[in-house]
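*Asks:* Structure: model_7.txt, compact mmCIF, C-alpha atoms.
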# COMPACT_ATOMS: atom_id res chain seq x y z
CA MET A 1 4.11 -28.89 -27.30
CA GLY A 2 2.83 -28.17 -23.85
CA TYR A 3 0.59 -30.05 -21.48
CA ALA A 4 -2.56 -29.65 -19.45
CA HIS A 5 -3.38 -30.81 -15.95
CA GLU A 6 -6.58 -30.42 -13.98
CA ILE A 7 -6.18 -29.76 -10.25
CA PRO A 8 -9.31 -31.14 -8.57
CA GLY A 9 -11.13 -28.91 -6.09
CA GLY A 10 -9.59 -29.39 -2.66
CA ALA A 11 -6.23 -30.67 -3.96
CA ALA A 12 -2.69 -29.31 -3.88
CA TRP A 13 -0.11 -29.40 -6.67
CA SER A 14 3.44 -28.39 -7.45
CA ALA A 15 5.56 -28.31 -10.59
CA VAL A 16 8.81 -27.01 -11.95
CA VAL A 17 8.25 -24.74 -14.94
CA ARG A 18 11.12 -23.43 -17.00
CA ALA A 19 11.68 -19.81 -18.02
CA GLY A 20 9.76 -18.50 -21.00
CA ARG A 21 6.67 -20.65 -20.53
CA ARG A 22 3.05 -19.58 -20.57
CA VAL A 23 1.00 -20.92 -17.66
CA THR A 24 -2.76 -20.46 -18.05
CA LEU A 25 -5.08 -21.22 -15.15
CA THR A 26 -8.77 -21.69 -15.93
CA ALA A 27 -11.51 -21.93 -13.31
CA ARG A 28 -13.83 -24.88 -13.93
CA GLY A 29 -16.50 -23.51 -11.58
CA ASP A 30 -17.57 -20.40 -9.65
CA ASP A 31 -15.56 -19.16 -6.66
CA ALA A 32 -12.48 -21.21 -7.47
CA ASN A 33 -9.50 -20.12 -5.36
CA LEU A 34 -5.98 -21.22 -6.22
CA SER A 35 -3.50 -20.14 -3.55
CA LEU A 36 -0.21 -19.84 -5.41
CA LEU A 37 3.35 -19.74 -4.01
CA LEU A 38 6.40 -19.15 -6.24
CA PHE A 39 10.08 -19.89 -5.83
CA GLY A 40 12.94 -18.96 -8.13
CA GLN A 41 14.80 -22.17 -8.94
CA ASP A 42 18.11 -20.48 -8.16
CA PHE A 43 20.32 -23.45 -9.15
CA GLY A 44 18.16 -25.73 -7.01
CA ALA A 45 18.31 -23.65 -3.84
CA ARG A 46 14.66 -22.49 -4.09
CA LEU A 47 15.19 -19.82 -1.47
CA ASP A 48 14.21 -16.78 -3.51
CA ARG A 49 10.51 -16.55 -2.75
CA LEU A 50 7.63 -14.51 -4.14
CA ASN A 51 7.47 -11.29 -2.12
CA ILE A 52 3.91 -9.95 -2.17
CA PRO A 53 4.63 -6.73 -0.24
CA ASP A 54 7.45 -5.80 -2.62
CA THR A 55 5.31 -6.75 -5.63
CA LEU A 56 2.40 -4.57 -4.46
CA LYS A 57 4.31 -1.51 -3.28
CA ALA A 58 6.57 -1.38 -6.34
CA GLN A 59 3.54 -1.38 -8.63
CA MET A 60 1.23 0.69 -6.42
CA SER A 61 -1.46 -1.97 -6.23
CA GLY A 62 -3.41 -3.66 -3.46
CA CYS A 63 -4.13 -6.72 -5.61
CA ILE A 64 -2.62 -8.74 -8.47
CA ARG A 65 -3.75 -8.02 -12.04
CA PRO A 66 -2.31 -7.78 -15.55
CA PRO A 67 0.29 -6.70 -16.54
CA MET A 68 1.98 -6.74 -13.11
CA VAL A 69 5.32 -8.46 -12.57
CA LEU A 70 5.54 -10.88 -9.62
CA MET A 71 8.75 -10.05 -7.74
CA SER A 72 11.00 -12.02 -5.41
CA ASP A 73 12.76 -11.32 -2.10
CA ARG A 74 15.94 -10.68 -4.09
CA GLY A 75 14.32 -8.16 -6.37
CA GLN A 76 13.92 -10.31 -9.46
CA ALA A 77 10.98 -10.84 -11.76
CA LEU A 78 9.68 -14.38 -11.21
CA ALA A 79 6.71 -14.16 -13.60
CA SER A 80 4.57 -11.59 -15.38
CA VAL A 81 0.78 -11.61 -15.33
CA THR A 82 0.17 -11.34 -19.07
CA ALA A 83 -3.60 -11.77 -19.16
CA SER A 84 -6.69 -12.37 -17.06
CA THR A 85 -10.44 -12.14 -17.50
CA LEU A 86 -10.51 -10.65 -13.97
CA ASP A 87 -9.03 -7.35 -12.80
CA TRP A 88 -8.51 -8.44 -9.18
CA HIS A 89 -6.73 -11.41 -7.63
CA ASP A 90 -6.33 -11.21 -3.87
CA ALA A 91 -2.88 -11.16 -2.27
CA LEU A 92 -3.63 -9.82 1.22
CA THR A 93 -5.37 -12.67 3.02
CA GLY A 94 -3.18 -15.78 2.83
CA PHE A 95 -4.46 -19.33 2.79
CA GLY A 96 -6.79 -21.37 4.98
CA HIS A 97 -5.90 -23.44 8.04
CA GLU A 98 -7.50 -26.65 9.31
CA PHE A 99 -9.60 -24.70 11.82
CA HIS A 100 -11.36 -22.94 8.95
CA LEU A 101 -12.83 -26.31 7.90
CA GLU A 102 -14.41 -27.09 11.26
CA ARG A 103 -17.75 -25.60 10.18
CA PHE A 104 -18.07 -28.30 7.52
CA GLY A 105 -17.88 -31.05 10.14
CA PRO A 106 -15.38 -33.88 10.54
CA SER A 107 -13.65 -35.35 7.53
CA SER A 108 -11.07 -38.07 7.09
CA TYR A 109 -9.72 -40.39 4.47
CA ALA A 110 -11.42 -43.30 6.27
CA THR A 111 -14.88 -41.79 5.84
CA ASP A 112 -14.51 -39.64 2.73
CA ARG A 113 -11.73 -41.34 0.74
CA ASN A 114 -10.33 -38.80 -1.71
CA GLU A 115 -13.08 -36.29 -0.93
CA TRP A 116 -11.32 -35.84 2.43
CA ARG A 117 -11.32 -32.10 3.21
CA ARG A 118 -7.91 -30.66 3.98
CA ALA A 119 -6.87 -27.05 4.45
CA ALA A 120 -4.82 -25.10 1.92
CA ARG A 121 -1.95 -24.80 4.40
CA THR A 122 -1.84 -28.57 4.86
CA GLY A 123 -1.64 -29.13 1.11
CA LEU A 124 0.97 -26.41 0.59
CA VAL A 125 3.22 -27.79 3.34
CA SER A 126 2.84 -31.29 1.89
CA GLU A 127 3.98 -30.08 -1.52
CA LEU A 128 6.83 -27.99 -0.06
CA THR A 129 8.11 -31.01 1.83
CA LYS A 130 8.32 -33.02 -1.42
CA HIS A 131 10.83 -30.47 -2.66
CA GLY A 132 12.94 -30.43 0.49
CA LEU A 133 11.24 -27.29 1.80
CA SER A 134 8.97 -26.90 4.83
CA GLU A 135 6.47 -24.62 6.57
CA VAL A 136 9.39 -22.21 7.09
CA ASP A 137 9.17 -21.48 3.34
CA LEU A 138 5.49 -20.47 3.33
CA HIS A 139 5.00 -16.88 2.22
CA GLY A 140 2.28 -14.51 1.10
CA CYS A 141 0.37 -16.11 -1.78
CA VAL A 142 -1.69 -14.94 -4.73
CA ASN A 143 -5.28 -16.12 -4.33
CA VAL A 144 -6.04 -16.48 -8.01
CA PHE A 145 -9.73 -15.81 -8.94
CA THR A 146 -10.59 -14.33 -5.49
CA LYS A 147 -11.48 -10.74 -4.62
CA ILE A 148 -11.45 -9.56 -1.03
CA ALA A 149 -12.94 -6.07 -1.16
CA ILE A 150 -11.20 -3.32 0.83
CA SER A 151 -13.25 -0.59 2.51
CA ASP A 152 -12.32 3.05 2.09
CA SER A 153 -9.25 3.65 4.25
CA THR A 154 -8.67 7.20 3.08
CA VAL A 155 -10.97 8.17 5.94
CA LEU A 156 -8.64 8.85 8.83
CA GLY A 157 -9.06 6.25 11.53
CA ASP A 158 -10.47 3.55 9.29
CA THR A 159 -8.61 0.25 9.49
CA ALA A 160 -9.62 -0.88 5.97
CA GLY A 161 -12.12 -3.66 6.54
CA LEU A 162 -12.12 -6.72 4.28
CA ALA A 163 -15.01 -8.69 2.78
CA PHE A 164 -15.18 -11.71 0.47
CA VAL A 165 -16.89 -10.94 -2.86
CA PRO A 166 -19.08 -13.92 -3.85
CA GLN A 167 -18.93 -15.03 -7.46
CA HIS A 168 -16.17 -12.60 -8.40
CA GLY A 169 -14.56 -15.55 -10.15
CA ARG A 170 -16.84 -17.55 -12.45
CA ALA A 171 -16.45 -20.76 -14.41
CA GLY A 172 -14.25 -20.04 -17.40
CA ASP A 173 -12.26 -17.19 -15.89
CA THR A 174 -8.55 -17.29 -16.67
CA PHE A 175 -5.24 -16.05 -15.28
CA THR A 176 -2.09 -16.29 -17.40
CA LEU A 177 1.53 -16.03 -16.30
CA ARG A 178 4.71 -15.86 -18.31
CA THR A 179 7.60 -17.38 -16.36
CA GLU A 180 10.61 -15.05 -16.38
CA GLN A 181 12.99 -17.63 -14.91
CA ASP A 182 12.88 -21.31 -13.96
CA LEU A 183 10.28 -21.55 -11.19
CA LEU A 184 8.87 -23.93 -8.64
CA LEU A 185 5.08 -23.41 -8.51
CA VAL A 186 3.28 -24.63 -5.40
CA ALA A 187 -0.50 -24.35 -5.29
CA SER A 188 -3.52 -25.32 -3.24
CA ASN A 189 -6.90 -25.34 -4.93
CA THR A 190 -9.11 -24.85 -1.89
CA PRO A 191 -12.04 -22.48 -1.22
CA HIS A 192 -10.94 -19.19 0.28
CA PRO A 193 -11.23 -19.23 4.09
CA MET A 194 -13.42 -16.10 3.99
CA ASN A 195 -15.84 -17.70 1.51
CA PRO A 196 -18.99 -18.21 3.62
CA GLY A 197 -20.56 -20.69 1.23
CA ARG A 198 -20.92 -24.45 1.43
CA TRP A 199 -17.97 -26.70 0.61
CA ALA A 200 -17.96 -26.77 -3.19
CA PRO A 201 -14.35 -26.57 -4.40
CA ALA A 202 -14.07 -25.96 -8.14
CA ALA A 203 -11.38 -27.62 -10.24
CA VAL A 204 -8.72 -25.49 -11.95
CA LEU A 205 -7.14 -26.39 -15.28
CA VAL A 206 -3.42 -25.67 -15.69
CA GLU A 207 -2.05 -25.39 -19.22
CA VAL A 208 1.69 -25.00 -19.76
CA GLY A 209 3.18 -24.06 -23.13
CA ILE A 210 5.86 -21.93 -24.74
CA ALA A 211 5.28 -18.22 -24.13
CA ASP A 212 4.60 -16.23 -27.27
CA PRO A 213 6.28 -13.82 -27.49
CA PRO A 214 9.04 -15.25 -25.30
CA ALA A 215 10.09 -13.40 -22.19
CA LEU A 216 12.44 -10.44 -22.20
CA SER A 217 12.80 -10.26 -25.95
CA ILE A 218 10.69 -7.29 -26.98
CA SER A 219 10.62 -3.63 -26.10
CA ASP A 220 6.85 -3.27 -26.35
CA ASP A 221 6.04 -5.84 -23.68
CA PRO A 222 3.08 -4.60 -21.61
CA SER A 223 4.63 -5.78 -18.34
CA ALA A 224 7.96 -4.07 -19.07
CA LEU A 225 6.11 -0.90 -20.05
CA PHE A 226 3.69 -0.99 -17.11
CA ARG A 227 5.89 0.88 -14.67
CA ASP A 228 9.61 1.68 -14.40
CA GLU A 229 9.66 -0.63 -11.36
CA SER A 230 8.26 -3.53 -13.41
CA ALA A 231 10.91 -2.99 -16.09
CA ARG A 232 13.70 -2.87 -13.50
CA ALA A 233 12.59 -6.21 -11.99
CA LEU A 234 12.62 -7.78 -15.47
CA GLU A 235 16.07 -6.29 -16.05
CA GLU A 236 17.38 -7.85 -12.82
CA THR A 237 16.19 -11.26 -14.04
CA ARG A 238 17.79 -10.70 -17.43
CA LYS A 239 21.08 -10.05 -15.67
CA ALA A 240 20.69 -13.18 -13.52
CA LEU A 241 20.04 -15.38 -16.55
CA LEU A 242 22.90 -13.98 -18.63
CA MET B 243 -12.25 8.17 14.18
CA ARG B 244 -10.21 5.56 15.99
CA THR B 245 -9.40 6.60 19.50
CA SER B 246 -5.92 6.65 20.94
CA VAL B 247 -5.33 3.98 23.58
CA SER B 248 -2.68 4.84 26.15
CA THR B 249 -1.47 3.12 29.32
CA GLU B 250 -0.25 4.21 32.72
CA ARG B 251 3.09 2.40 32.51
CA ASP B 252 5.90 4.52 33.97
CA ALA B 253 9.22 4.59 32.09
CA ALA B 254 11.02 4.74 35.44
CA THR B 255 9.85 1.20 36.25
CA ALA B 256 10.87 -0.34 32.90
CA VAL B 257 13.27 -3.31 33.06
CA HIS B 258 14.31 -2.71 29.46
CA ASP B 259 15.14 0.80 28.23
CA GLN B 260 17.00 1.15 24.95
CA VAL B 261 17.32 3.82 22.28
CA VAL B 262 17.64 2.37 18.79
CA GLU B 263 19.44 4.90 16.63
CA ALA B 264 18.29 5.68 13.09
CA GLY B 265 19.11 2.76 10.80
CA ASP B 266 20.07 0.44 13.66
CA GLY B 267 18.22 -2.61 14.97
CA ALA B 268 17.50 -4.72 18.04
CA LEU B 269 16.53 -8.23 19.09
CA VAL B 270 14.53 -8.22 22.31
CA ALA B 271 13.28 -11.30 24.19
CA VAL B 272 9.92 -10.55 25.81
CA PRO B 273 8.53 -13.18 28.18
CA ALA B 274 4.84 -14.16 28.17
CA GLY B 275 2.81 -11.37 29.76
CA GLY B 276 5.60 -8.83 29.30
CA GLU B 277 4.97 -5.54 27.54
CA LEU B 278 7.22 -3.78 25.06
CA ARG B 279 6.59 -0.16 24.09
CA ILE B 280 8.07 1.38 20.95
CA VAL B 281 8.23 5.16 21.19
CA ASP B 282 8.55 7.27 18.03
CA LEU B 283 10.81 9.88 19.62
CA ARG B 284 10.77 12.46 16.82
CA GLY B 285 7.75 11.40 14.78
CA ASN B 286 7.17 9.85 11.34
CA GLN B 287 9.65 6.99 11.86
CA ALA B 288 8.84 3.55 10.44
CA VAL B 289 9.83 0.68 12.74
CA ASP B 290 10.01 -2.58 10.79
CA THR B 291 9.22 -5.41 13.17
CA LEU B 292 9.13 -9.23 13.10
CA LEU B 293 7.96 -11.51 15.91
CA TYR B 294 8.98 -15.10 16.64
CA ASP B 295 7.87 -17.76 19.10
CA ALA B 296 10.99 -17.84 21.30
CA GLN B 297 10.71 -21.63 21.67
CA ASP B 298 10.39 -22.28 17.92
CA ILE B 299 11.42 -19.62 15.41
CA ALA B 300 9.60 -21.50 12.62
CA ASN B 301 6.44 -20.23 14.32
CA ARG B 302 6.83 -16.62 13.24
CA TYR B 303 4.66 -13.56 12.67
CA SER B 304 2.38 -13.85 9.65
CA ALA B 305 1.12 -10.58 8.22
CA PHE B 306 -1.52 -12.08 5.96
CA ASP B 307 -2.91 -14.54 8.54
CA THR B 308 -3.18 -11.57 10.93
CA VAL B 309 -4.92 -9.39 8.32
CA ARG B 310 -7.38 -12.12 7.30
CA GLU B 311 -8.36 -13.15 10.82
CA GLN B 312 -9.01 -9.56 11.97
CA ARG B 313 -10.79 -8.76 8.66
CA ALA B 314 -8.89 -5.47 8.36
CA VAL B 315 -5.69 -4.31 6.70
CA TYR B 316 -4.27 -2.06 9.41
CA LEU B 317 -3.09 -2.93 12.90
CA THR B 318 -4.21 -0.94 15.93
CA ALA B 319 -4.96 -1.38 19.64
CA GLY B 320 -6.52 -4.80 20.17
CA SER B 321 -5.00 -6.36 17.03
CA ARG B 322 -3.94 -9.96 17.67
CA LEU B 323 -0.58 -10.60 16.03
CA LEU B 324 -0.77 -14.17 14.73
CA SER B 325 1.89 -16.61 13.64
CA THR B 326 2.12 -18.75 10.52
CA ARG B 327 0.31 -21.42 12.60
CA CYS B 328 -2.28 -18.84 13.66
CA ASP B 329 -1.01 -18.88 17.23
CA GLU B 330 -1.32 -15.55 19.02
CA LEU B 331 2.21 -14.21 19.55
CA ALA B 332 1.23 -10.82 20.98
CA VAL B 333 -1.58 -8.28 21.21
CA ILE B 334 -1.27 -4.54 20.61
CA SER B 335 -2.13 -3.38 24.12
CA ALA B 336 -1.77 0.35 23.57
CA ASP B 337 -1.48 2.62 20.56
CA THR B 338 -1.42 6.41 20.60
CA CYS B 339 -0.72 6.65 16.85
CA GLY B 340 -3.91 5.08 15.48
CA ARG B 341 -2.95 2.56 12.87
CA HIS B 342 0.04 0.71 11.45
CA ASP B 343 0.93 -1.01 8.19
CA THR B 344 1.66 -4.72 7.75
CA ILE B 345 1.34 -5.20 3.97
CA GLY B 346 4.13 -2.87 2.81
CA GLY B 347 7.04 -5.14 3.68
CA ALA B 348 10.58 -4.12 4.53
CA CYS B 349 13.07 -2.32 2.35
CA SER B 350 16.02 -4.24 0.97
CA GLN B 351 18.89 -3.28 -1.30
CA GLU B 352 17.20 -5.31 -4.02
CA SER B 353 13.75 -3.73 -3.67
CA ASN B 354 15.37 -0.29 -3.50
CA VAL B 355 16.90 -0.96 -6.93
CA ILE B 356 13.47 -1.88 -8.28
CA ARG B 357 11.71 1.09 -6.71
CA TYR B 358 14.29 3.85 -7.03
CA GLY B 359 16.96 2.65 -9.43
CA GLU B 360 20.46 1.20 -9.49
CA HIS B 361 21.99 4.19 -7.70
CA THR B 362 20.32 3.06 -4.43
CA ARG B 363 21.78 -0.49 -4.44
CA HIS B 364 24.34 0.19 -1.75
CA GLN B 365 22.15 2.24 0.55
CA HIS B 366 21.44 0.64 3.91
CA ALA B 367 18.14 -1.25 4.18
CA CYS B 368 15.99 -3.08 6.73
CA ARG B 369 16.69 -6.57 5.38
CA GLN B 370 20.36 -6.28 6.31
CA THR B 371 19.44 -5.10 9.79
CA PHE B 372 17.02 -8.02 10.26
CA LEU B 373 19.67 -10.53 9.18
CA ARG B 374 22.38 -8.93 11.32
CA TYR B 375 20.37 -8.83 14.55
CA GLY B 376 18.45 -12.06 13.85
CA ALA B 377 21.59 -14.15 13.43
CA ALA B 378 22.09 -14.49 17.20
CA ALA B 379 18.74 -16.36 17.39
CA GLY B 380 19.32 -18.44 14.25
CA ILE B 381 17.07 -16.20 12.16
CA GLY B 382 18.34 -16.26 8.57
CA GLN B 383 16.92 -15.63 5.12
CA ARG B 384 14.37 -18.45 5.27
CA GLU B 385 13.04 -17.18 8.61
CA LEU B 386 12.29 -13.65 7.34
CA GLY B 387 8.55 -13.31 6.80
CA HIS B 388 6.45 -10.28 5.91
CA ASN B 389 6.77 -7.71 8.67
CA ILE B 390 4.90 -5.01 10.56
CA ASN B 391 5.74 -1.36 9.86
CA PHE B 392 4.84 0.45 13.04
CA PHE B 393 4.02 4.14 12.49
CA MET B 394 3.99 3.69 8.69
CA ASN B 395 1.03 4.80 6.59
CA VAL B 396 0.29 2.88 3.38
CA PRO B 397 -3.26 3.73 2.29
CA VAL B 398 -5.05 1.10 0.20
CA ALA B 399 -8.10 2.14 -1.79
CA PRO B 400 -11.33 0.28 -2.63
CA ASP B 401 -10.26 0.33 -6.30
CA GLY B 402 -7.11 -1.62 -5.43
CA GLY B 403 -4.70 1.32 -5.43
CA LEU B 404 -1.90 1.54 -2.87
CA HIS B 405 0.72 4.16 -2.07
CA PHE B 406 3.09 5.32 0.65
CA ALA B 407 2.00 8.48 2.41
CA ASP B 408 3.24 10.78 5.14
CA GLY B 409 3.04 9.12 8.50
CA LEU B 410 0.24 9.65 10.99
CA SER B 411 2.72 9.60 13.82
CA ALA B 412 4.25 12.48 15.77
CA PRO B 413 6.96 12.93 18.42
CA GLY B 414 6.23 10.82 21.49
CA LYS B 415 3.57 8.61 19.90
CA TYR B 416 3.92 4.97 20.90
CA VAL B 417 2.65 1.49 20.31
CA GLN B 418 2.83 -1.27 22.90
CA LEU B 419 2.82 -5.07 22.57
CA ARG B 420 1.80 -7.57 25.25
CA ALA B 421 3.45 -10.93 24.64
CA SER B 422 1.00 -13.85 24.58
CA ARG B 423 3.88 -16.33 24.91
CA ASP B 424 7.66 -16.01 25.12
CA ILE B 425 8.59 -14.09 21.99
CA LEU B 426 11.54 -12.56 20.19
CA VAL B 427 10.97 -9.09 18.75
CA LEU B 428 13.30 -8.30 15.84
CA ILE B 429 13.40 -4.61 14.97
CA SER B 430 14.90 -2.58 12.16
CA ASN B 431 14.63 1.15 12.69
CA CYS B 432 14.12 1.89 9.01
CA PRO B 433 16.94 3.73 7.16
CA GLN B 434 14.87 4.43 4.03
CA LEU B 435 15.71 7.82 2.50
CA ASN B 436 13.78 7.58 -0.75
CA ASN B 437 10.15 7.89 0.35
CA PRO B 438 8.17 9.74 3.03
CA CYS B 439 7.88 6.74 5.40
CA ASN B 440 10.52 8.29 7.66
CA GLY B 441 9.70 11.89 6.84
CA TRP B 442 12.82 11.83 4.58
CA ASP B 443 14.98 11.87 7.73
CA PRO B 444 15.33 8.64 9.78
CA THR B 445 15.38 9.27 13.54
CA PRO B 446 15.82 7.21 16.74
CA VAL B 447 13.13 5.28 18.61
CA ARG B 448 13.03 4.13 22.23
CA LEU B 449 12.13 0.66 23.46
CA LEU B 450 10.67 0.32 26.95
CA GLY B 451 9.92 -3.09 28.45
CA TRP B 452 8.02 -4.17 31.54
CA TRP B 453 8.21 -7.76 32.75
CA SER B 454 9.44 -9.80 35.69
CA PRO B 455 13.19 -10.21 35.24
For this file, produce the structure as structure tokens.

*Replies:*
Amino acid sequence: MGYAHEIPGGAAWSAVVRAGRRVTLTARGDDANLSLLLFGQDFGARLDRLNIPDTLKAQMSGCIRPPMVLMSDRGQALASVTASTLDWHDALTGFGHEFHLERFGPSSYATDRNEWRRAARTGLVSELTKHGLSEVDLHGCVNVFTKIAISDSTVLGDTAGLAFVPQHGRAGDTFTLRTEQDLLLVASNTPHPMNPGRWAPAAVLVEVGIADPPALSISDDPSALFRDESARALEETRKALL
Amino acid sequence: MRTSVSTERDAATAVHDQVVEAGDGALVAVPAGGELRIVDLRGNQAVDTLLYDAQDIANRYSAFDTVREQRAVYLTAGSRLLSTRCDELAVISADTCGRHDTIGGACSQESNVIRYGEHTRHQHACRQTFLRYGAAAGIGQRELGHNINFFMNVPVAPDGGLHFADGLSAPGKYVQLRASRDILVLISNCPQLNNPCNGWDPTPVRLLGWWSP
């Protein structure tokens, strides 16, 4: 059962994953950054998107970490973060644009073949278009494996400065989701636009299998027990799948 | 301490002057160079706001592109409000409040159920207001991005914690946008009753606009 797929550094990818699957992402190098968008399948409509603000405020967090539930615009649980070797995955800084790549110099298929450097946004829009979606459907992403540190904003007047944390994510780090409903996953595996380093995109391995234990079947699930809000999102999905 | 930035604009010369009642909304077209002031008449009132390129509503306000490019979570005077294409839609030209949230999102019936329970499902929420007032410009579900919450205070901590707190605003505080191109400003004057973002009592705000008619 299950399958594995390696997303090369610099590439984009999308896949439909059914409910009750375990999706494990593994960084193949340091400073990997997988910008992840999620859509509920919604009988093919794919209009119920991951809502990062709702996900963060409902679970009182400024980042994504286990055992948080990833929530949609319509207040459903899309997936639960069941495990990670890291306690911080950024969700406040979006994905890179073509202008972020200018410092690396020109790049094209003609000169670089498949090493052609393209921005995360370009790859995400390309994948969305394959599924009948478009740039209109872009939304706040999870930047898996990336930490953008937040300065102390409890000081009145501070605007909460942000800084990339080098080597927060290392080769071998993992991030595991349990899908709570049929999902469309859209991802770009491109260095974070605030990463000041040279162009060295790390590959990310995706492994998809049956979740164990399966979703929504046990009362001692860490995501359901995390917060009342997390449990209510899971309950809304249970009702939608009934 | 961030300083308050005010302007000399006189309300008597405004070409747009509108009070948005508690829980109501507005769609205002602001031409390039025009300025729109949002006045928190009674204090502690969250004003959920979305911006669109008036020529192409697919080019809409992007909270996370704005946050990343300014390298700071909160918006204040001087913040460039960027679109999903990283075009500058507007700049905050004045701000007597100090800072504003853009990562907390808007309330919806569905998120109210998650946050407060099933008994809040049929309370009024910003998402309905956005859809109601956006419809005239073709703004539907797909066009709703992550918004600005003017006058709302959502502290984030270095350890990754986040919570909603009492506002920093007070009666008469205002924030002002200068349009960098022709834009649509879609506003929901937040009806949320279940947290302190509106001081537990939603109140009206005033919109004042200055541009060449």

*Asks:* Please identify all polymer residues within 10 Å of region 73-78 of chain A, counting all atoms listed in the file, omitting same-chain residues fewer than 6 positions from it, and present them as a PyMOL selection string.

*Replies:* (chain A and resi 19+38-41+47-55+177-184+230-240) or (chain B and resi 350-357+369+383+386)

*Asks:* If we count all atoms listed in the file, what is near Ala305 (chain B) at a cut-off of 6 Å, once residues fewer than 3 positions away on the same chain are taken out, given as a PyMOL selection string?

*Replies:* chain B and resi 308+344+388

*Asks:* Please return, as an mmCIF file with C-alpha atoms, in the coordinates of the input, all residues of chain A lying within 7 Å of chain B when all atoms listed in the file are considered.

*Replies:*
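The resulting file, selection06.cif, is shown below:
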data_model
loop_
_atom_site.group_PDB
_atom_site.id
_atom_site.type_symbol
_atom_site.label_atom_id
_atom_site.label_comp_id
_atom_site.auth_asym_id
_atom_site.auth_seq_id
_atom_site.Cartn_x
_atom_site.Cartn_y
_atom_site.Cartn_z
ATOM 1 C CA LEU A 47 15.190 -19.820 -1.470
ATOM 2 C CA PRO A 53 4.630 -6.730 -0.240
ATOM 3 C CA ASP A 54 7.450 -5.800 -2.620
ATOM 4 C CA LYS A 57 4.310 -1.510 -3.280
ATOM 5 C CA ALA A 58 6.570 -1.380 -6.340
ATOM 6 C CA MET A 60 1.230 0.690 -6.420
ATOM 7 C CA SER A 61 -1.460 -1.970 -6.230
ATOM 8 C CA GLY A 62 -3.410 -3.660 -3.460
ATOM 9 C CA CYS A 63 -4.130 -6.720 -5.610
ATOM 10 C CA ARG A 74 15.940 -10.680 -4.090
ATOM 11 C CA GLY A 75 14.320 -8.160 -6.370
ATOM 12 C CA LEU A 92 -3.630 -9.820 1.220
ATOM 13 C CA THR A 93 -5.370 -12.670 3.020
ATOM 14 C CA GLY A 94 -3.180 -15.780 2.830
ATOM 15 C CA VAL A 136 9.390 -22.210 7.090
ATOM 16 C CA ASP A 137 9.170 -21.480 3.340
ATOM 17 C CA HIS A 139 5.000 -16.880 2.220
ATOM 18 C CA GLY A 140 2.280 -14.510 1.100
ATOM 19 C CA ALA A 149 -12.940 -6.070 -1.160
ATOM 20 C CA ILE A 150 -11.200 -3.320 0.830
ATOM 21 C CA SER A 151 -13.250 -0.590 2.510
ATOM 22 C CA ASP A 152 -12.320 3.050 2.090
ATOM 23 C CA SER A 153 -9.250 3.650 4.250
ATOM 24 C CA THR A 154 -8.670 7.200 3.080
ATOM 25 C CA LEU A 156 -8.640 8.850 8.830
ATOM 26 C CA GLY A 157 -9.060 6.250 11.530
ATOM 27 C CA ASP A 158 -10.470 3.550 9.290
ATOM 28 C CA THR A 159 -8.610 0.250 9.490
ATOM 29 C CA ALA A 160 -9.620 -0.880 5.970
ATOM 30 C CA GLY A 161 -12.120 -3.660 6.540
ATOM 31 C CA LEU A 162 -12.120 -6.720 4.280
ATOM 32 C CA GLU A 229 9.660 -0.630 -11.360
ATOM 33 C CA ARG A 232 13.700 -2.870 -13.500
ATOM 34 C CA ALA A 233 12.590 -6.210 -11.990
#

*Asks:* I need the residue nearest Arg65 (chain A) from this list: A:His89, A:Arg227, A:Lys147, A:Arg103. Use only C-alpha atoms for the distance.

*Replies:*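 Counting only C-alpha atoms, the residue closest to Arg65 (chain A) is A:His89.
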
*Asks:* Enter the distance from CA of Ala268 (chain B) to CA of Ile280 (chain B), in Å, rounded to one decimal.

*Replies:*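 Here the two named atoms are 11.6 Å from each other.
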
*Asks:* Can you tell me how far CA of Thr174 (chain A) sits from CA of Ala79 (chain A), in Å to one decimal?

*Replies:*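 Separating CA of Thr174 (chain A) from CA of Ala79 (chain A) is a distance of 15.9 Å.
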
*Asks:* If you measure from CA of Trp116 (chain A) to CA of His192 (chain A), what distance in Å do you get, rounded to one decimal?

*Replies:*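 According to the coordinates, CA of Trp116 (chain A) and CA of His192 (chain A) are separated by 16.8 Å.
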
*Asks:* Can you pull out the residues contacting region 438-450 of chain B? Cut-off 7 Å, using all atoms listed in the file, and skip same-chain residues under 2 positions away; I want them as number ranges by chain.

*Replies:* B: 253, 256, 258-264, 278-284, 286-288, 394, 406-409, 432-436, 452

*Asks:* Using only C-alpha atoms, can you list as number ranges by chain the residues within 8 Å of (-15.5, -24.1, -12.0)?

*Replies:* A: 27-32, 170-172, 202-204

*Asks:* Within 9 Å of (1.2, -19.3, -2.5) (file coordinates; all atoms listed in the file), which protein or nucleic acid residues are there? I'd like them as a list in words.

*Replies:* Leu34, Ser35, Leu36, Leu37, Leu38, Leu50, Gly94, Phe95, Leu124, Leu138, His139, Gly140, Cys141, Val142, Asn143, Leu185, Val186, Ala187 and Ser188 of chain A

*Asks:* Hey, what's within 9 Å of Glu127 (chain A) if we count all atoms listed in the file and toss same-chain stuff fewer than 5 positions away? As a ChimeraX atom specification, please?

*Replies:* /A:12-14,122,133-134,186-187

*Asks:* Pick out the closest residue to Phe372 (chain B) from this set: B:Leu428, B:Val289, B:Ala296, B:Ala254. Count only C-alpha atoms.

*Replies:*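 Distance minimum relative to Phe372 (chain B) lands on B:Leu428.
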
*Asks:* Using all atoms listed in the file, pick whichever of A:Leu128, A:Met71, A:Val206, A:Met194 has the shortest atom-to-atom distance to Phe175 (chain A).

*Replies:*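 With all atoms listed in the file as the atom set, the closest residue is A:Val206.
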